[in-house]
Amino acid sequence: MTARLREIPYNYTSFSDREIVLRILGDEAWGIINTLREERRTGRSAQMLYEVLGDIWVVMRNPYLQD
């Protein structure tokens with residue numbers, strides 16, 4: 001399986017996937033994600049995780065969606 005440059009959708013910023021995960025979940029979560037990345041078979045759960053992170057990232061970055 002070839003690694004995509006960015007796996008988090010809706011990331012139209014200069015932030016890498018790593019930077020987004022660090023901002024949302026922290027350093028420990030990034031380490032866990034990297035460990036799980038090496039064990040990936042189909043990538044379905046990874047894709048779901050990255051979609052959720054992408055949704056969270058959009059909401060965090062959009063001032064019109066926040067209170």
# chains A, B, ... in the order shown; residues from 1 in each chain; ligands from 1
call {"tool": "residues_around", "arguments": {"residues": "stretch 24-35 of chain A", "least_positions_apart": "6", "cutoff": "9 Å", "atoms": "only C-alpha atoms", "output": "PyMOL selection string"}}
result
chain A and resi 18+46+53+56-57
call {"tool": "write_last_selection", "arguments": {"atoms": "N, CA and C atoms", "output": "PDB file, in the first residue's frame"}}
result
ATOM      1  N   ARG A  18       0.550  15.077  11.056  1.00  0.00           N
ATOM      2  CA  ARG A  18       1.173  15.005  12.379  1.00  0.00           C
ATOM      3  C   ARG A  18       0.828  16.235  13.211  1.00  0.00           C
ATOM      4  N   ALA A  46      -8.568   3.282  10.000  1.00  0.00           N
ATOM      5  CA  ALA A  46      -7.713   4.466   9.898  1.00  0.00           C
ATOM      6  C   ALA A  46      -8.418   5.548   9.098  1.00  0.00           C
ATOM      7  N   LEU A  53     -11.105  13.187  12.449  1.00  0.00           N
ATOM      8  CA  LEU A  53     -10.126  14.237  12.733  1.00  0.00           C
ATOM      9  C   LEU A  53     -10.270  15.390  11.746  1.00  0.00           C
ATOM     10  N   ILE A  56     -13.289  17.433  12.838  1.00  0.00           N
ATOM     11  CA  ILE A  56     -12.941  18.234  14.019  1.00  0.00           C
ATOM     12  C   ILE A  56     -12.066  19.409  13.610  1.00  0.00           C
ATOM     13  N   TRP A  57     -11.112  19.162  12.722  1.00  0.00           N
ATOM     14  CA  TRP A  57     -10.194  20.211  12.267  1.00  0.00           C
ATOM     15  C   TRP A  57     -10.960  21.332  11.568  1.00  0.00           C
TER      16      TRP A  57
END
call {"tool": "closest_residue", "arguments": {"among": "A:Glu38, A:Gly54, A:Val21, A:Gln66", "to": "A:Pro9", "atoms": "only C-alpha atoms"}}
result
A:Gly54
call {"tool": "atom_distance", "arguments": {"atom1": "atom CA of A:Glu7", "atom2": "atom CA of A:Glu51"}}
result
8.5 Å
call {"tool": "select_by_dssp", "arguments": {"residues": "chain A", "states": "alpha helix (DSSP H)", "output": "VMD selection string"}}
result
chain A and resid 17 to 24 27 to 38 44 to 61
call {"tool": "atom_distance", "arguments": {"atom1": "atom CA of A:Leu49", "atom2": "atom CA of A:Ile20"}}
result
12.6 Å
call {"tool": "atom_distance", "arguments": {"atom1": "atom CA of A:Arg41", "atom2": "atom CA of A:Ser16"}}
result
22.9 Å
call {"tool": "closest_residue", "arguments": {"among": "A:Val58, A:Leu22, A:Leu36, A:Met48", "to": "A:Tyr10", "atoms": "only C-alpha atoms"}}
result
A:Val58
